[in-house]
file work-v4.cif (mmCIF, C-alpha atoms)
data_protein
loop_
_atom_site.group_PDB
_atom_site.id
_atom_site.type_symbol
_atom_site.label_atom_id
_atom_site.label_comp_id
_atom_site.auth_asym_id
_atom_site.auth_seq_id
_atom_site.Cartn_x
_atom_site.Cartn_y
_atom_site.Cartn_z
ATOM 1 C CA MET A 1 33.497 67.021 -78.375
ATOM 2 C CA LYS A 2 32.620 68.855 -81.558
ATOM 3 C CA LYS A 3 29.081 67.413 -81.494
ATOM 4 C CA SER A 4 28.546 68.615 -77.934
ATOM 5 C CA HIS A 5 29.625 72.154 -78.915
ATOM 6 C CA ILE A 6 27.151 72.109 -81.783
ATOM 7 C CA LEU A 7 24.383 70.884 -79.469
ATOM 8 C CA VAL A 8 25.090 73.649 -76.941
ATOM 9 C CA ALA A 9 24.995 76.247 -79.724
ATOM 10 C CA ILE A 10 21.645 74.962 -80.971
ATOM 11 C CA ILE A 11 20.124 75.013 -77.487
ATOM 12 C CA THR A 12 21.417 78.546 -76.893
ATOM 13 C CA PHE A 13 19.939 79.718 -80.197
ATOM 14 C CA VAL A 14 16.545 78.194 -79.343
ATOM 15 C CA ILE A 15 16.536 79.876 -75.926
ATOM 16 C CA VAL A 16 17.396 83.277 -77.428
ATOM 17 C CA LEU A 17 14.806 82.859 -80.157
ATOM 18 C CA SER A 18 12.183 81.865 -77.596
ATOM 19 C CA SER A 19 13.020 84.888 -75.476
ATOM 20 C CA LEU A 20 12.732 87.229 -78.445
ATOM 21 C CA GLY A 21 9.392 85.680 -79.317
ATOM 22 C CA ARG A 22 8.071 86.295 -75.825
ATOM 23 C CA LYS A 23 9.222 89.927 -75.914
ATOM 24 C CA GLU A 24 7.542 90.450 -79.263
ATOM 25 C CA ILE A 25 4.265 88.959 -78.043
ATOM 26 C CA LYS A 26 4.492 91.061 -74.897
ATOM 27 C CA THR A 27 4.987 94.250 -76.915
ATOM 28 C CA ILE A 28 2.091 93.441 -79.236
ATOM 29 C CA ALA A 29 -0.162 92.684 -76.273
ATOM 30 C CA LYS A 30 0.682 96.044 -74.748
ATOM 31 C CA ALA A 31 -0.109 97.878 -77.970
ATOM 32 C CA GLN A 32 -3.464 96.126 -78.274
ATOM 33 C CA LYS A 33 -4.513 96.980 -74.727
ATOM 34 C CA SER A 34 -3.216 100.524 -74.763
ATOM 35 C CA THR A 35 -5.354 101.348 -77.801
ATOM 36 C CA GLY A 36 -8.450 100.815 -75.647
ATOM 37 C CA PRO A 37 -10.200 97.975 -73.815
ATOM 38 C CA PRO A 38 -12.844 95.732 -75.386
ATOM 39 C CA ALA A 39 -16.505 96.658 -75.100
ATOM 40 C CA CYS A 40 -18.350 95.936 -71.835
ATOM 41 C CA TYR A 41 -15.361 96.701 -69.566
ATOM 42 C CA ALA A 42 -16.832 99.748 -67.757
ATOM 43 C CA LYS A 43 -18.451 97.516 -65.095
ATOM 44 C CA GLU A 44 -21.879 98.289 -66.478
ATOM 45 C CA PRO A 45 -24.819 95.852 -66.379
ATOM 46 C CA PRO A 46 -25.624 93.216 -67.353
ATOM 47 C CA ASN A 47 -21.999 91.965 -67.564
ATOM 48 C CA ASN A 48 -20.646 94.004 -64.605
ATOM 49 C CA VAL A 49 -17.069 93.431 -65.786
ATOM 50 C CA SER A 50 -13.992 95.611 -65.484
ATOM 51 C CA CYS A 51 -10.345 94.919 -66.326
ATOM 52 C CA THR A 52 -9.587 93.759 -62.801
ATOM 53 C CA MET A 53 -12.274 91.062 -63.055
ATOM 54 C CA SER A 54 -11.631 89.919 -66.620
ATOM 55 C CA GLY A 55 -8.096 88.657 -66.180
ATOM 56 C CA CYS A 56 -6.268 91.420 -68.045
ATOM 57 C CA HIS A 57 -5.291 93.461 -64.949
ATOM 58 C CA SER A 58 -6.403 91.162 -62.168
ATOM 59 C CA ASP A 59 -3.554 91.128 -59.648
ATOM 60 C CA HIS A 60 -5.212 93.917 -57.591
ATOM 61 C CA LEU A 61 -8.824 94.255 -56.494
ATOM 62 C CA ALA A 62 -10.739 97.222 -57.880
ATOM 63 C CA ASN A 63 -10.463 100.512 -55.975
ATOM 64 C CA THR A 64 -7.572 99.346 -53.802
ATOM 65 C CA GLY A 65 -5.005 101.753 -55.262
ATOM 66 C CA ASN A 66 -4.245 105.305 -54.156
ATOM 67 C CA ALA A 67 -5.238 107.218 -57.280
ATOM 68 C CA LEU A 68 -8.237 109.553 -57.233
ATOM 69 C CA LEU A 69 -10.923 109.007 -59.870
ATOM 70 C CA SER A 70 -13.638 111.588 -60.471
ATOM 71 C CA LEU A 71 -16.537 111.903 -62.893
ATOM 72 C CA ASP A 72 -18.105 115.309 -63.529
ATOM 73 C CA LEU A 73 -21.381 115.244 -65.455
ATOM 74 C CA GLY A 74 -21.634 119.024 -65.569
ATOM 75 C CA ASP A 75 -25.178 120.378 -65.350
ATOM 76 C CA ALA A 76 -26.498 116.901 -66.188
ATOM 77 C CA GLY A 77 -25.623 115.915 -62.637
ATOM 78 C CA ALA A 78 -28.837 117.659 -61.567
ATOM 79 C CA GLY A 79 -30.917 115.914 -64.232
ATOM 80 C CA TYR A 80 -30.883 115.656 -68.032
ATOM 81 C CA SER A 81 -33.131 117.788 -70.217
ATOM 82 C CA PRO A 82 -34.333 116.852 -73.724
ATOM 83 C CA ASN A 83 -31.704 117.397 -76.433
ATOM 84 C CA GLN A 84 -29.382 119.285 -74.086
ATOM 85 C CA THR A 85 -25.612 118.830 -74.504
ATOM 86 C CA TYR A 86 -23.419 118.358 -71.430
ATOM 87 C CA ASN A 87 -19.659 118.267 -70.915
ATOM 88 C CA ILE A 88 -18.501 114.996 -69.363
ATOM 89 C CA ASN A 89 -15.135 115.196 -67.596
ATOM 90 C CA ILE A 90 -13.137 112.246 -66.268
ATOM 91 C CA ASN A 91 -10.049 112.770 -64.143
ATOM 92 C CA LEU A 92 -7.535 110.310 -62.707
ATOM 93 C CA SER A 93 -4.653 111.576 -60.600
ATOM 94 C CA LYS A 94 -1.843 110.181 -58.477
ATOM 95 C CA ALA A 95 1.680 111.400 -57.818
ATOM 96 C CA GLY A 96 4.106 109.458 -59.988
ATOM 97 C CA MET A 97 1.414 107.844 -62.167
ATOM 98 C CA LEU A 98 2.932 106.899 -65.542
ATOM 99 C CA ARG A 99 0.004 105.884 -67.759
ATOM 100 C CA ALA A 100 -3.759 105.786 -67.506
ATOM 101 C CA GLY A 101 -6.830 104.698 -69.432
ATOM 102 C CA PHE A 102 -10.604 104.569 -69.103
ATOM 103 C CA GLN A 103 -13.902 103.342 -70.487
ATOM 104 C CA ILE A 104 -17.325 104.895 -69.821
ATOM 105 C CA ILE A 105 -20.892 104.296 -70.944
ATOM 106 C CA ALA A 106 -24.347 105.728 -70.214
ATOM 107 C CA VAL A 107 -26.995 103.036 -69.702
ATOM 108 C CA GLN A 108 -30.745 103.276 -69.268
ATOM 109 C CA ASP A 109 -31.758 101.865 -65.908
ATOM 110 C CA ASN A 110 -34.925 100.370 -67.435
ATOM 111 C CA ASP A 111 -33.137 98.966 -70.506
ATOM 112 C CA GLN A 112 -29.623 97.739 -69.784
ATOM 113 C CA LEU A 113 -28.979 96.986 -73.458
ATOM 114 C CA SER A 114 -29.336 100.636 -74.499
ATOM 115 C CA SER A 115 -26.956 103.563 -74.124
ATOM 116 C CA PRO A 116 -29.087 106.659 -74.751
ATOM 117 C CA GLY A 117 -27.923 110.009 -76.051
ATOM 118 C CA THR A 118 -25.452 111.133 -78.682
ATOM 119 C CA ILE A 119 -21.687 111.378 -78.191
ATOM 120 C CA THR A 120 -19.389 114.028 -79.643
ATOM 121 C CA LEU A 121 -15.641 113.791 -79.141
ATOM 122 C CA SER A 122 -13.923 117.100 -78.438
ATOM 123 C CA ASN A 123 -10.461 115.519 -78.690
ATOM 124 C CA LYS A 124 -10.243 112.577 -81.079
ATOM 125 C CA ALA A 125 -6.525 112.258 -80.444
ATOM 126 C CA THR A 126 -7.092 111.063 -76.871
ATOM 127 C CA THR A 127 -10.636 109.634 -76.928
ATOM 128 C CA GLN A 128 -12.584 107.322 -79.197
ATOM 129 C CA THR A 129 -15.988 105.684 -79.380
ATOM 130 C CA LEU A 130 -16.567 101.949 -79.424
ATOM 131 C CA ASN A 131 -19.671 99.996 -80.341
ATOM 132 C CA VAL A 132 -20.617 96.347 -80.658
ATOM 133 C CA SER A 133 -19.456 96.090 -84.269
ATOM 134 C CA ASP A 134 -15.955 97.109 -83.141
ATOM 135 C CA THR A 135 -15.465 95.287 -79.837
ATOM 136 C CA HIS A 136 -11.681 94.688 -79.894
ATOM 137 C CA GLY A 137 -12.615 91.098 -79.083
ATOM 138 C CA GLY A 138 -15.129 91.941 -76.357
ATOM 139 C CA ASN A 139 -17.923 89.519 -75.544
ATOM 140 C CA CYS A 140 -21.062 91.686 -75.572
ATOM 141 C CA ASP A 141 -24.663 90.843 -76.267
ATOM 142 C CA ALA A 142 -25.815 94.470 -76.564
ATOM 143 C CA THR A 143 -26.834 95.949 -79.892
ATOM 144 C CA HIS A 144 -27.522 99.590 -79.041
ATOM 145 C CA LYS A 145 -24.616 100.579 -76.845
ATOM 146 C CA THR A 146 -21.699 102.958 -77.379
ATOM 147 C CA TRP A 147 -18.678 103.413 -75.126
ATOM 148 C CA VAL A 148 -16.112 106.198 -74.907
ATOM 149 C CA GLU A 149 -12.535 105.207 -74.065
ATOM 150 C CA HIS A 150 -8.902 106.256 -74.433
ATOM 151 C CA THR A 151 -6.743 106.031 -77.526
ATOM 152 C CA PHE A 152 -3.031 105.207 -77.377
ATOM 153 C CA ALA A 153 -2.214 108.932 -77.184
ATOM 154 C CA GLY A 154 -4.861 109.249 -74.490
ATOM 155 C CA THR A 155 -2.844 107.083 -72.098
ATOM 156 C CA ASP A 156 -0.222 109.808 -71.628
ATOM 157 C CA VAL A 157 -0.025 111.352 -68.168
ATOM 158 C CA SER A 158 1.373 114.758 -67.240
ATOM 159 C CA GLY A 159 2.494 115.394 -63.685
ATOM 160 C CA GLY A 160 0.565 112.422 -62.347
ATOM 161 C CA ASN A 161 -2.716 113.805 -63.652
ATOM 162 C CA THR A 162 -4.869 113.178 -66.714
ATOM 163 C CA THR A 163 -8.312 114.357 -67.845
ATOM 164 C CA TRP A 164 -10.541 113.094 -70.642
ATOM 165 C CA THR A 165 -13.475 115.166 -71.896
ATOM 166 C CA TYR A 166 -16.321 114.576 -74.316
ATOM 167 C CA GLN A 167 -19.836 115.868 -74.957
ATOM 168 C CA TRP A 168 -23.028 113.920 -74.336
ATOM 169 C CA LYS A 169 -26.344 115.043 -75.829
ATOM 170 C CA ALA A 170 -29.358 113.810 -73.898
ATOM 171 C CA PRO A 171 -32.157 111.937 -75.695
ATOM 172 C CA ASP A 172 -35.134 113.943 -76.910
ATOM 173 C CA THR A 173 -37.604 112.098 -74.697
ATOM 174 C CA ASP A 174 -37.849 110.790 -71.155
ATOM 175 C CA VAL A 175 -36.171 107.363 -71.053
ATOM 176 C CA GLY A 176 -36.148 107.135 -67.268
ATOM 177 C CA ASN A 177 -33.071 107.269 -65.082
ATOM 178 C CA ILE A 178 -29.680 107.069 -66.810
ATOM 179 C CA THR A 179 -26.509 105.852 -65.108
ATOM 180 C CA PHE A 180 -22.949 106.534 -66.259
ATOM 181 C CA TYR A 181 -20.590 103.628 -65.541
ATOM 182 C CA LEU A 182 -16.868 104.389 -65.506
ATOM 183 C CA ALA A 183 -13.758 102.229 -65.145
ATOM 184 C CA ALA A 184 -10.241 103.673 -65.198
ATOM 185 C CA LEU A 185 -6.789 102.117 -65.118
ATOM 186 C CA GLU A 186 -3.644 103.341 -63.381
ATOM 187 C CA ALA A 187 -0.792 101.650 -65.271
ATOM 188 C CA ASN A 188 2.886 101.385 -64.316
ATOM 189 C CA ASP A 189 4.026 101.339 -67.977
ATOM 190 C CA ASP A 190 6.145 98.173 -67.609
ATOM 191 C CA GLN A 191 4.808 96.631 -70.854
ATOM 192 C CA ASP A 192 2.684 93.966 -69.172
ATOM 193 C CA ASN A 193 -0.626 93.719 -67.336
ATOM 194 C CA LEU A 194 0.851 93.264 -63.856
ATOM 195 C CA GLY A 195 1.078 95.833 -61.078
ATOM 196 C CA ASP A 196 -1.755 98.009 -62.438
ATOM 197 C CA TYR A 197 -4.804 99.270 -60.537
ATOM 198 C CA THR A 198 -8.407 99.510 -61.702
ATOM 199 C CA TYR A 199 -10.929 102.025 -60.348
ATOM 200 C CA THR A 200 -14.689 102.071 -60.907
ATOM 201 C CA LEU A 201 -17.578 104.368 -60.087
ATOM 202 C CA SER A 202 -21.047 105.231 -61.348
ATOM 203 C CA LYS A 203 -23.349 108.255 -61.292
ATOM 204 C CA SER A 204 -27.078 108.381 -62.010
ATOM 205 C CA MET A 205 -29.362 111.148 -63.216
ATOM 206 C CA ALA A 206 -33.106 111.538 -63.502
ATOM 207 C CA PHE A 207 -35.109 113.145 -66.277
ATOM 208 C CA ASN A 208 -35.656 116.910 -66.002
ATOM 209 C CA PRO A 209 -38.675 117.796 -68.161
ATOM 210 C CA VAL A 210 -37.852 121.510 -68.072
ATOM 211 C CA GLN A 211 -34.940 122.711 -70.164
ATOM 212 C CA GLY A 212 -32.330 124.840 -68.509
ATOM 213 C CA LEU A 213 -31.845 126.664 -65.256
ATOM 214 C CA ALA A 214 -34.663 129.153 -65.702
ATOM 215 C CA ASP A 215 -37.561 126.930 -64.642
ATOM 216 C CA PHE A 216 -35.967 123.926 -63.009
ATOM 217 C CA TYR A 217 -34.114 125.902 -60.335
ATOM 218 C CA PHE A 218 -36.374 128.955 -60.153
ATOM 219 C CA ASN A 219 -37.849 128.054 -56.781
ATOM 220 C CA ASN A 220 -34.480 126.871 -55.434
ATOM 221 C CA ILE A 221 -32.685 130.200 -55.794
ATOM 222 C CA ARG A 222 -33.183 132.493 -52.809
ATOM 223 C CA ILE A 223 -32.074 136.103 -52.365
ATOM 224 C CA TYR A 224 -31.991 137.653 -48.909
ATOM 225 C CA PRO A 225 -32.336 139.996 -47.167
ATOM 226 C CA ASN A 226 -34.771 141.679 -49.485
ATOM 227 C CA PRO A 227 -35.054 144.655 -49.088
ATOM 228 C CA SER A 228 -31.375 145.099 -48.300
ATOM 229 C CA SER A 229 -29.155 147.993 -47.315
ATOM 230 C CA ASP A 230 -25.658 146.772 -48.141
ATOM 231 C CA VAL A 231 -25.211 143.060 -48.893
ATOM 232 C CA VAL A 232 -27.432 140.591 -50.757
ATOM 233 C CA ASN A 233 -26.936 136.864 -50.280
ATOM 234 C CA LEU A 234 -27.805 134.342 -52.948
ATOM 235 C CA THR A 235 -28.258 130.635 -52.209
ATOM 236 C CA TYR A 236 -28.655 127.990 -54.890
ATOM 237 C CA ASN A 237 -28.205 124.305 -55.609
ATOM 238 C CA HIS A 238 -24.421 123.768 -55.565
ATOM 239 C CA GLN A 239 -24.712 121.083 -58.281
ATOM 240 C CA ILE A 240 -25.180 123.739 -60.945
ATOM 241 C CA THR A 241 -22.483 126.051 -62.246
ATOM 242 C CA LEU A 242 -23.187 129.771 -62.289
ATOM 243 C CA ASP A 243 -21.459 131.652 -65.110
ATOM 244 C CA GLU A 244 -22.380 135.242 -64.248
ATOM 245 C CA ILE A 245 -24.398 137.329 -61.802
ATOM 246 C CA GLU A 246 -25.357 140.820 -62.975
ATOM 247 C CA LEU A 247 -27.154 143.642 -61.182
ATOM 248 C CA LEU A 248 -29.432 145.680 -63.456
ATOM 249 C CA ASP A 249 -31.284 148.883 -62.680
ATOM 250 C CA ALA A 250 -34.920 149.528 -63.607
ATOM 251 C CA LYS A 251 -33.813 150.664 -67.083
ATOM 252 C CA GLY A 252 -31.900 147.453 -67.705
ATOM 253 C CA GLU A 253 -28.498 149.078 -67.375
ATOM 254 C CA SER A 254 -25.733 147.012 -65.795
ATOM 255 C CA LYS A 255 -24.534 148.261 -62.419
ATOM 256 C CA LYS A 256 -22.412 145.390 -61.145
ATOM 257 C CA VAL A 257 -21.151 142.089 -62.556
ATOM 258 C CA LEU A 258 -19.705 138.994 -60.907
ATOM 259 C CA ASN A 259 -17.991 136.825 -63.512
ATOM 260 C CA LYS A 260 -17.364 133.104 -63.234
ATOM 261 C CA GLN A 261 -13.986 133.561 -61.583
ATOM 262 C CA ALA A 262 -15.404 135.887 -58.926
ATOM 263 C CA ILE A 263 -18.266 133.459 -58.270
ATOM 264 C CA HIS A 264 -15.928 130.484 -57.878
ATOM 265 C CA MET A 265 -13.907 132.364 -55.286
ATOM 266 C CA GLN A 266 -16.894 132.099 -52.959
ATOM 267 C CA GLU A 267 -18.487 129.033 -51.400
ATOM 268 C CA ALA A 268 -20.470 126.903 -53.849
ATOM 269 C CA GLY A 269 -24.168 127.382 -53.226
ATOM 270 C CA ASN A 270 -23.712 130.646 -51.304
ATOM 271 C CA ILE A 271 -22.820 133.979 -52.884
ATOM 272 C CA SER A 272 -22.583 137.378 -51.186
ATOM 273 C CA ILE A 273 -22.910 140.526 -53.304
ATOM 274 C CA ASP A 274 -21.612 143.795 -51.891
ATOM 275 C CA LEU A 275 -24.038 146.617 -52.787
ATOM 276 C CA LYS A 276 -22.788 149.367 -50.469
ATOM 277 C CA ASP A 277 -21.861 151.553 -53.442
ATOM 278 C CA ILE A 278 -25.250 151.144 -55.164
ATOM 279 C CA ALA A 279 -27.922 153.835 -54.719
ATOM 280 C CA SER A 280 -31.327 153.044 -53.247
ATOM 281 C CA GLY A 281 -33.950 151.790 -55.652
ATOM 282 C CA VAL A 282 -35.436 148.754 -57.373
ATOM 283 C CA TYR A 283 -32.961 146.447 -59.092
ATOM 284 C CA PHE A 284 -32.899 143.100 -60.813
ATOM 285 C CA ILE A 285 -30.315 140.358 -60.367
ATOM 286 C CA LYS A 286 -29.742 138.355 -63.545
ATOM 287 C CA ILE A 287 -28.259 134.896 -62.953
ATOM 288 C CA LYS A 288 -26.722 133.037 -65.914
ATOM 289 C CA SER A 289 -25.833 129.354 -66.254
ATOM 290 C CA GLY A 290 -24.983 127.816 -69.602
ATOM 291 C CA GLY A 291 -27.443 129.177 -72.148
ATOM 292 C CA SER A 292 -30.139 129.918 -69.561
ATOM 293 C CA SER A 293 -30.816 132.755 -67.155
ATOM 294 C CA ILE A 294 -33.269 133.898 -64.506
ATOM 295 C CA ILE A 295 -34.009 137.337 -63.045
ATOM 296 C CA LYS A 296 -34.778 138.122 -59.414
ATOM 297 C CA LYS A 297 -36.060 141.472 -58.099
ATOM 298 C CA VAL A 298 -34.273 143.126 -55.190
ATOM 299 C CA VAL A 299 -34.924 146.420 -53.375
ATOM 300 C CA LEU A 300 -32.096 148.509 -51.919
ATOM 301 C CA MET A 301 -32.742 150.906 -49.071
ATOM 302 C CA GLN A 302 -29.559 152.782 -48.106
#

call {"tool": "encode", "arguments": {"input": "work-v4.cif", "output": "structure tokens"}}
result
Amino acid sequence: MKKSHILVAIITFVIVLSSLGRKEIKTIAKAQKSTGPPACYAKEPPNNVSCTMSGCHSDHLANTGNALLSLDLGDAGAGYSPNQTYNININLSKAGMLRAGFQIIAVQDNDQLSSPGTITLSNKATTQTLNVSDTHGGNCDATHKTWVEHTFAGTDVSGGNTTWTYQWKAPDTDVGNITFYLAALEANDDQDNLGDYTYTLSKSMAFNPVQGLADFYFNNIRIYPNPSSDVVNLTYNHQITLDEIELLDAKGESKKVLNKQAIHMQEAGNISIDLKDIASGVYFIKIKSGGSSIIKKVVLMQ
């Protein structure tokens, strides 16, 4: 009888020890993944792999969840200009979402082993860069590629919404079309890789040989009616962001200003400017976007 009690105690101890071991491994695995995925997990070529395909979060097909993933390339969405810096914004949102992560990379369409441009992190607490020499165990054959992805702190979610931002400086020459590949993870924070959802998308841009708004969009901005008696309408490519619209008289003095907030209150691509209180004469409308500006002539006849 005594021997049987001893045997039961030994078996119980082994079971408890085994259970503790599994919990420890599980916790370590979570920490490793939450500090960022391995390289080549943004579903970019030539591997075309994301977490849902690699076995780490594979119980749901990609893009089958209910979260909303967006990628804003800023002014680069209309084409990249030599040595210009653009804000890249990634957003993932879903009511009740507990944790989230991402990985993104820019790849040359004509050279899938190169990620052109220079990356600057505006928030190193939530984002980090990753290259082939630091793959977290990734299986990559690229030698000139750099990814941006979340840190452990970057997995935090507030109110079911999270945004990651960094800056991308375009190359100084034309390297052909560039595509940004993005994969994001909606995690349920249960300390394993089950029950999570992966989302992927990509956006491409062409080379814009002219720097800034001034030349590239000059022929795409239209002001009408001109001459006008009370209201001037301005139409433009909605992919760009206007920062300010200012009406100047012939002496260069400011007569009316629409700031960014006032512009955003109107429909993107279509702005109406009320000039009923402006005297007749020749005026100039100065349109600003980023560090560039253009000037259009308008005649008022009250």

call {"tool": "closest_residue", "arguments": {"input": "work-v4.cif", "among": "A:Trp147, A:Phe284, A:Phe207, A:Tyr224", "to": "A:Ala42", "atoms": "all atoms listed in the file"}}
result
A:Trp147

call {"tool": "residues_around", "arguments": {"input": "work-v4.cif", "residues": "A:Thr162", "least_positions_apart": "5", "cutoff": "10 Å", "atoms": "only C-alpha atoms", "output": "list in words"}}
result
Ile90, Asn91, Leu92, Ser93, Lys94, Met97, Arg99, Ala100, Gly101, Gly154, Thr155, Asp156 and Val157 of chain A

call {"tool": "resolve_selection", "arguments": {"input": "work-v4.cif", "expression": "the PyMOL selection byres ((chain A and resi 130) around 8)", "output": "JSON, numbers by chain"}}
result
{"A": [39, 128, 129, 131, 132, 134, 135, 146, 147, 148, 149]}

call {"tool": "atom_distance", "arguments": {"input": "work-v4.cif", "atom1": "atom CA of A:Ile263", "atom2": "atom CA of A:Asn161"}}
result
25.6 Å

call {"tool": "residues_around", "arguments": {"input": "work-v4.cif", "residues": "A:Lys255", "least_positions_apart": "4", "cutoff": "9 Å", "atoms": "all atoms listed in the file", "output": "PDB file with C-alpha atoms, keeping the file's coordinate frame"}}
result
ATOM      1  CA  GLU A 246     -25.357 140.820 -62.975  1.00  0.00           C
ATOM      2  CA  LEU A 247     -27.154 143.642 -61.182  1.00  0.00           C
ATOM      3  CA  LEU A 248     -29.432 145.680 -63.456  1.00  0.00           C
ATOM      4  CA  ASP A 249     -31.284 148.883 -62.680  1.00  0.00           C
ATOM      5  CA  ILE A 278     -25.250 151.144 -55.164  1.00  0.00           C
TER       6      ILE A 278
END

call {"tool": "resolve_selection", "arguments": {"input": "work-v4.cif", "expression": "the PyMOL selection byres ((chain A and resi 69) around 12)", "output": "PyMOL selection string"}}
result
chain A and resi 62-68+70-72+89-94+100-102+161-164+182-186+197-202

call {"tool": "closest_residue", "arguments": {"input": "work-v4.cif", "among": "A:Gln261, A:Gln112, A:Thr118, A:Asn208", "to": "A:Gln167", "atoms": "all atoms listed in the file"}}
result
A:Thr118

call {"tool": "atom_distance", "arguments": {"input": "work-v4.cif", "atom1": "atom CA of A:Tyr181", "atom2": "atom CA of A:Leu194"}}
result
23.9 Å

call {"tool": "closest_residue", "arguments": {"input": "work-v4.cif", "among": "A:Val175, A:Ile294, A:Ile221, A:Ala125", "to": "A:Phe152", "atoms": "all atoms listed in the file"}}
result
A:Ala125

call {"tool": "closest_residue", "arguments": {"input": "work-v4.cif", "among": "A:Thr127, A:Thr52, A:Thr235, A:Asn87", "to": "A:Asn220", "atoms": "all atoms listed in the file"}}
result
A:Thr235

call {"tool": "atom_distance", "arguments": {"input": "work-v4.cif", "atom1": "atom CA of A:Pro171", "atom2": "atom CA of A:Asn110"}}
result
14.5 Å

call {"tool": "closest_residue", "arguments": {"input": "work-v4.cif", "among": "A:Ser280, A:Thr241, A:Ser254, A:Ser293", "to": "A:Ala76", "atoms": "all atoms listed in the file"}}
result
A:Thr241

call {"tool": "closest_residue", "arguments": {"input": "work-v4.cif", "among": "A:Ala268, A:Met205, A:Cys40, A:Ala153", "to": "A:Tyr80", "atoms": "only C-alpha atoms"}}
result
A:Met205

call {"tool": "axis_aligned_box", "arguments": {"input": "work-v4.cif", "around": "stretch 168-177 of chain A", "padding_each_side": "6 Å", "output": "lines of an AutoDock Vina configuration file"}}
result
center_x = -30.4
center_y = 111.1
center_z = -71.0
size_x = 26.8
size_y = 19.9
size_z = 23.8

call {"tool": "decode", "arguments": {"input": "work-v4.cif", "residues": "stretch 99-136 of chain A", "atoms": "C-alpha atoms", "output": "mmCIF file, in the first residue's frame"}}
result
data_model
loop_
_atom_site.group_PDB
_atom_site.id
_atom_site.type_symbol
_atom_site.label_atom_id
_atom_site.label_comp_id
_atom_site.auth_asym_id
_atom_site.auth_seq_id
_atom_site.Cartn_x
_atom_site.Cartn_y
_atom_site.Cartn_z
ATOM 1 C CA ARG A 99 -3.563 43.159 -29.487
ATOM 2 C CA ALA A 100 -2.198 43.802 -32.945
ATOM 3 C CA GLY A 101 1.014 43.634 -34.941
ATOM 4 C CA PHE A 102 2.321 44.241 -38.446
ATOM 5 C CA GLN A 103 5.177 43.911 -40.904
ATOM 6 C CA ILE A 104 5.689 46.032 -44.036
ATOM 7 C CA ILE A 105 8.295 46.333 -46.768
ATOM 8 C CA ALA A 106 8.790 48.335 -49.972
ATOM 9 C CA VAL A 107 10.003 46.200 -52.887
ATOM 10 C CA GLN A 108 11.132 47.146 -56.372
ATOM 11 C CA ASP A 109 8.876 45.540 -58.950
ATOM 12 C CA ASN A 110 11.860 44.944 -61.260
ATOM 13 C CA ASP A 111 14.125 43.622 -58.482
ATOM 14 C CA GLN A 112 12.279 41.615 -55.848
ATOM 15 C CA LEU A 113 15.418 41.239 -53.730
ATOM 16 C CA SER A 114 15.724 44.990 -53.119
ATOM 17 C CA SER A 115 13.789 47.289 -50.809
ATOM 18 C CA PRO A 116 14.584 50.812 -52.024
ATOM 19 C CA GLY A 117 14.548 53.994 -49.988
ATOM 20 C CA THR A 118 15.611 54.925 -46.482
ATOM 21 C CA ILE A 119 13.556 54.324 -43.336
ATOM 22 C CA THR A 120 13.328 56.613 -40.317
ATOM 23 C CA LEU A 121 11.373 55.547 -37.252
ATOM 24 C CA SER A 122 9.343 58.310 -35.627
ATOM 25 C CA ASN A 123 8.453 56.099 -32.648
ATOM 26 C CA LYS A 124 11.092 53.518 -31.760
ATOM 27 C CA ALA A 125 9.047 52.361 -28.791
ATOM 28 C CA THR A 126 6.372 50.845 -31.042
ATOM 29 C CA THR A 127 8.198 50.195 -34.336
ATOM 30 C CA GLN A 128 11.501 48.653 -35.339
ATOM 31 C CA THR A 129 13.424 47.789 -38.479
ATOM 32 C CA LEU A 130 14.486 44.292 -39.444
ATOM 33 C CA ASN A 131 16.999 43.157 -42.030
ATOM 34 C CA VAL A 132 18.436 39.855 -43.188
ATOM 35 C CA SER A 133 21.201 39.846 -40.577
ATOM 36 C CA ASP A 134 18.531 39.966 -37.853
ATOM 37 C CA THR A 135 15.785 37.660 -39.127
ATOM 38 C CA HIS A 136 14.384 36.309 -35.826
#
